[in-house]
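Each remark here refers to the structure printed beneath this line.
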Amino acid sequence: MLFSQLDDSTPDNGVVSDFTLESVLRPLTAQDFFDDYWEKKPFIIKRNNPDYYKEILNLETLNEVFASRMFRASDMRIFNNGEKREFQAFSKKNKANGNVVLKEFENGSTIIFENLDRNHLQLAKLIRNLENELHIDLRTNVYLTPAQATGFKAHWDTHCVLVMQVHGTKQWEIYDNPVPLPTENQKYDPETGAKAQHITSFLMEEGDIAYIPRGFVHKASAQDQASLHVTMGLRPLAVKDLLREVLNSVCKQHVDLRHGLLPKGEFDDEALRAQLVEIMQQADLSKYRERLYKKYILERYPILDTQLSSLVKNNVIEQETDCQVKPHMVWKVFENESQLSLLFDGKSMHFPKAMKPSLTFFEQCRKFCVDQIPGLDQKSRQILAQRLVHEGFLEVH
């Protein structure tokens, strides 16, 4: 069957607070998710717990964000039954006009807050935790839909989505995937989408979560009250990204691959085909995958929630100082023939390979006392901790 409904019957299931994938998807484990559902079939988890996601976002918090932020064209979209409102129609001096936005909402339009994790700390923490756990690019859109209204007509997405219902209810219709695993260039085509077969209908209530793989056609409508949900778009590195990385690198080494294709010129198809086969046979794919993940980490937006106060206080690090690896951060230690590299928060720091026990210690122990750092003498432990606190990898706990 191309759909599953699961129930979270965990006793006293409280609220999601540790911001891990398994907390978000409970009762599914991360392994269950990737083995049984990832890019295969949709599901909904019913919780009967309206407060489950309140630590991430709620209606009152969204109202505070709306009242205190200036939204530009990249921050907000408005749709009404599939029709997009141009930003100029609800903006003033290149900023969203709150009065007009509210009027649009009253008239049945869905307000979409794009990448709200850049304007809301709790969402940002959730995203960075999951990105560090999965090494998948995540984007958040928050949808506020009036009662009895529809933002989008039936469509498919070119990325998988997790949908967390925060307020109100929404009725969803799910169809199969006439185009399996569409790429970014395979946007929804109404003629192809019309061939999709209906799979299921379900009502999302507060605390529920749904997963819709890319390519599965879907549509949703608010019911008797306004609906607020958070959509997390999951955009993993793809095989085509790996191939592009290999070819971009190889083309720098082989001038014959950089020749222009002349419209009327002769071309040896077989020679190129043989050359590409040889290139792929010799390519160290693990090296290129590592290069992609390094780019991924360096492109993350840092959460600087403690960095400013840390610089102002300029804490002196002693042997007995308690520290922790800064939470809600995407990071990893890489090793090559000559050095170790610590990548985090868009930064890279380099160390001699002799410091491997010290750096790998942080992967195993996120909270510690400075004198517990292995592989260094007392003075060196203090210097390392002081430097990492200054750069924002560690914080005084």
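Identifiers for the structure tokens are assigned positionally: chains receive A, B, ... in sequence, residues are indexed from 1 per chain, and ligands are indexed from 1 in the order shown.
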Closest atom pairs, residues of segment 70-136 of chain A within 6 Å of segment 318-331 of chain A, only C-alpha atoms, as a Markdown table:
| residue | atom | partner | partner_atom | distance |
| --- | --- | --- | --- | --- |
| A:Lys125 | CA | A:His328 | CA | 5.0 |
| A:Arg128 | CA | A:His328 | CA | 5.1 |
| A:Asn129 | CA | A:His328 | CA | 4.9 |
| A:Asn132 | CA | A:Val330 | CA | 4.4 |
As a PDB file with C-alpha atoms, in the first residue's frame, please: every residue in segment 181-337 of chain A that DSSP puts in strand (DSSP E or B).
ATOM      1  CA  HIS A 198      -6.069   9.067  -5.614  1.00  0.00           C
ATOM      2  CA  ILE A 199      -4.509   7.181  -2.689  1.00  0.00           C
ATOM      3  CA  THR A 200      -6.071   8.545   0.490  1.00  0.00           C
ATOM      4  CA  SER A 201      -7.644  11.445   2.376  1.00  0.00           C
ATOM      5  CA  PHE A 202      -6.813  12.452   5.930  1.00  0.00           C
ATOM      6  CA  LEU A 203      -7.454  15.266   8.373  1.00  0.00           C
ATOM      7  CA  MET A 204      -4.388  16.785   9.999  1.00  0.00           C
ATOM      8  CA  ILE A 209       2.840  15.180  11.274  1.00  0.00           C
ATOM      9  CA  ALA A 210       2.738  13.959   7.672  1.00  0.00           C
ATOM     10  CA  TYR A 211       5.421  12.968   5.199  1.00  0.00           C
ATOM     11  CA  ILE A 212       4.950  13.426   1.447  1.00  0.00           C
ATOM     12  CA  HIS A 218      -1.379  16.511  -3.104  1.00  0.00           C
ATOM     13  CA  LYS A 219      -3.679  19.362  -2.112  1.00  0.00           C
ATOM     14  CA  ALA A 220      -4.995  20.653   1.218  1.00  0.00           C
ATOM     15  CA  SER A 221      -7.777  22.886   2.539  1.00  0.00           C
ATOM     16  CA  ALA A 222      -8.405  24.454   5.942  1.00  0.00           C
ATOM     17  CA  SER A 227      -4.842  26.438   9.880  1.00  0.00           C
ATOM     18  CA  LEU A 228      -1.170  26.940  10.723  1.00  0.00           C
ATOM     19  CA  HIS A 229       1.411  24.366   9.717  1.00  0.00           C
ATOM     20  CA  VAL A 230       5.174  24.169   9.281  1.00  0.00           C
ATOM     21  CA  THR A 231       6.547  22.482   6.183  1.00  0.00           C
ATOM     22  CA  MET A 232      10.144  21.280   6.218  1.00  0.00           C
ATOM     23  CA  GLY A 233      11.502  20.724   2.718  1.00  0.00           C
ATOM     24  CA  LEU A 234      14.217  18.039   2.625  1.00  0.00           C
ATOM     25  CA  ARG A 235      16.762  18.563  -0.141  1.00  0.00           C
ATOM     26  CA  ASP A 322      32.661  23.592  32.179  1.00  0.00           C
ATOM     27  CA  CYS A 323      32.131  23.831  28.412  1.00  0.00           C
ATOM     28  CA  GLN A 324      29.887  22.294  25.814  1.00  0.00           C
ATOM     29  CA  VAL A 325      29.854  21.989  22.060  1.00  0.00           C
ATOM     30  CA  TRP A 331      29.694  20.507  12.208  1.00  0.00           C
ATOM     31  CA  LYS A 332      32.153  17.735  11.447  1.00  0.00           C
ATOM     32  CA  VAL A 333      35.864  16.918  11.742  1.00  0.00           C
ATOM     33  CA  PHE A 334      37.568  15.972   8.449  1.00  0.00           C
ATOM     34  CA  GLU A 335      40.992  14.386   8.064  1.00  0.00           C
TER      35      GLU A 335
END
(message) List the spatial neighbours of Leu308 of chain A as a PyMOL selection string - criterion: any atom at most 12 Å away, only C-alpha atoms, same-chain residues fewer than 4 positions off excluded.
(response) chain A and resi 303-304+312-314+389-392+395
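Every protein or nucleic acid residue with an atom no more than 12 Å from segment 270-277 of chain A, counting only C-alpha atoms and leaving out same-chain residues fewer than 6 positions away, appears here: Leu243, Val246, Leu247, Val250, Cys251, His254, Asp256, Leu257, Arg258, His259 and Ala283 of chain A.
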Using only C-alpha atoms, tabulate the residues of segment 145-180 of chain A lying at most 9 Å from any atom of segment 69-88 of chain A, each with its closest atom pair and that distance in Å to one decimal, by chain and increasing residue number, as a Markdown table.
| residue | atom | partner | partner_atom | distance |
| --- | --- | --- | --- | --- |
| A:Ala149 | CA | A:Asn81 | CA | 7.4 |
| A:Thr150 | CA | A:Asn81 | CA | 5.1 |
| A:Gly151 | CA | A:Asn81 | CA | 4.8 |
| A:Phe152 | CA | A:Gly82 | CA | 4.2 |
| A:Lys153 | CA | A:Gly82 | CA | 5.1 |
| A:Ala154 | CA | A:Gly82 | CA | 8.6 |
(request) State, in Å with one decimal place, the distance from atom CA of Lys40 of chain A to atom CA of Ser286 of chain A. (result)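 Atom-to-atom, atom CA of Lys40 of chain A and atom CA of Ser286 of chain A are spaced 25.9 Å apart.
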(message) Given only C-alpha atoms as the basis, pick out the residue of A:Phe368, A:Phe34, A:Phe3, A:Phe351 nearest to Leu384 of chain A.
(response) A:Phe351
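Residues in contact with Phe361 of chain A at up to 12 Å, not including ones fewer than 2 positions away on its chain and judged by only C-alpha atoms, are Gln324, Val325, Val333, Met355, Lys356, Pro357, Ser358, Leu359, Glu363, Gln364, Cys365, Arg366, Lys367, Phe368, Cys369, Val370, Gln372, Ile373, Pro374, Gly375 and Leu376 of chain A.
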(message) Report as a PyMOL selection string all protein, DNA and RNA residues lying within 12 Å of segment 8-17 of chain A, evaluated on only C-alpha atoms, omitting residues in the same chain fewer than 5 positions from it.
(response) chain A and resi 22-29+44-57+122-123+125-126+129+164+166+206-209
(message) Write out as a ChimeraX atom specification the set of residues from segment 229-300 of chain A that DSSP, computed on the backbone, places in alpha helix (DSSP H).
(response) /A:239-253,269-282,285-298
(request) Could you give me, as a list in words, the residues within 10 Å of Val316 of chain A, counting only C-alpha atoms and dropping anything in the same chain fewer than 6 positions from it? (result) Gln382, Ala385, Gln386, Val389 and Val396 of chain A
(request) Tell me which of A:Arg214, A:Leu261, A:Glu290, A:Asp189 sits closest to Glu245 of chain A, counting only C-alpha atoms. (result)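 Ranking A:Arg214, A:Leu261, A:Glu290, A:Asp189 by distance to Glu245 of chain A, first place goes to A:Glu290.
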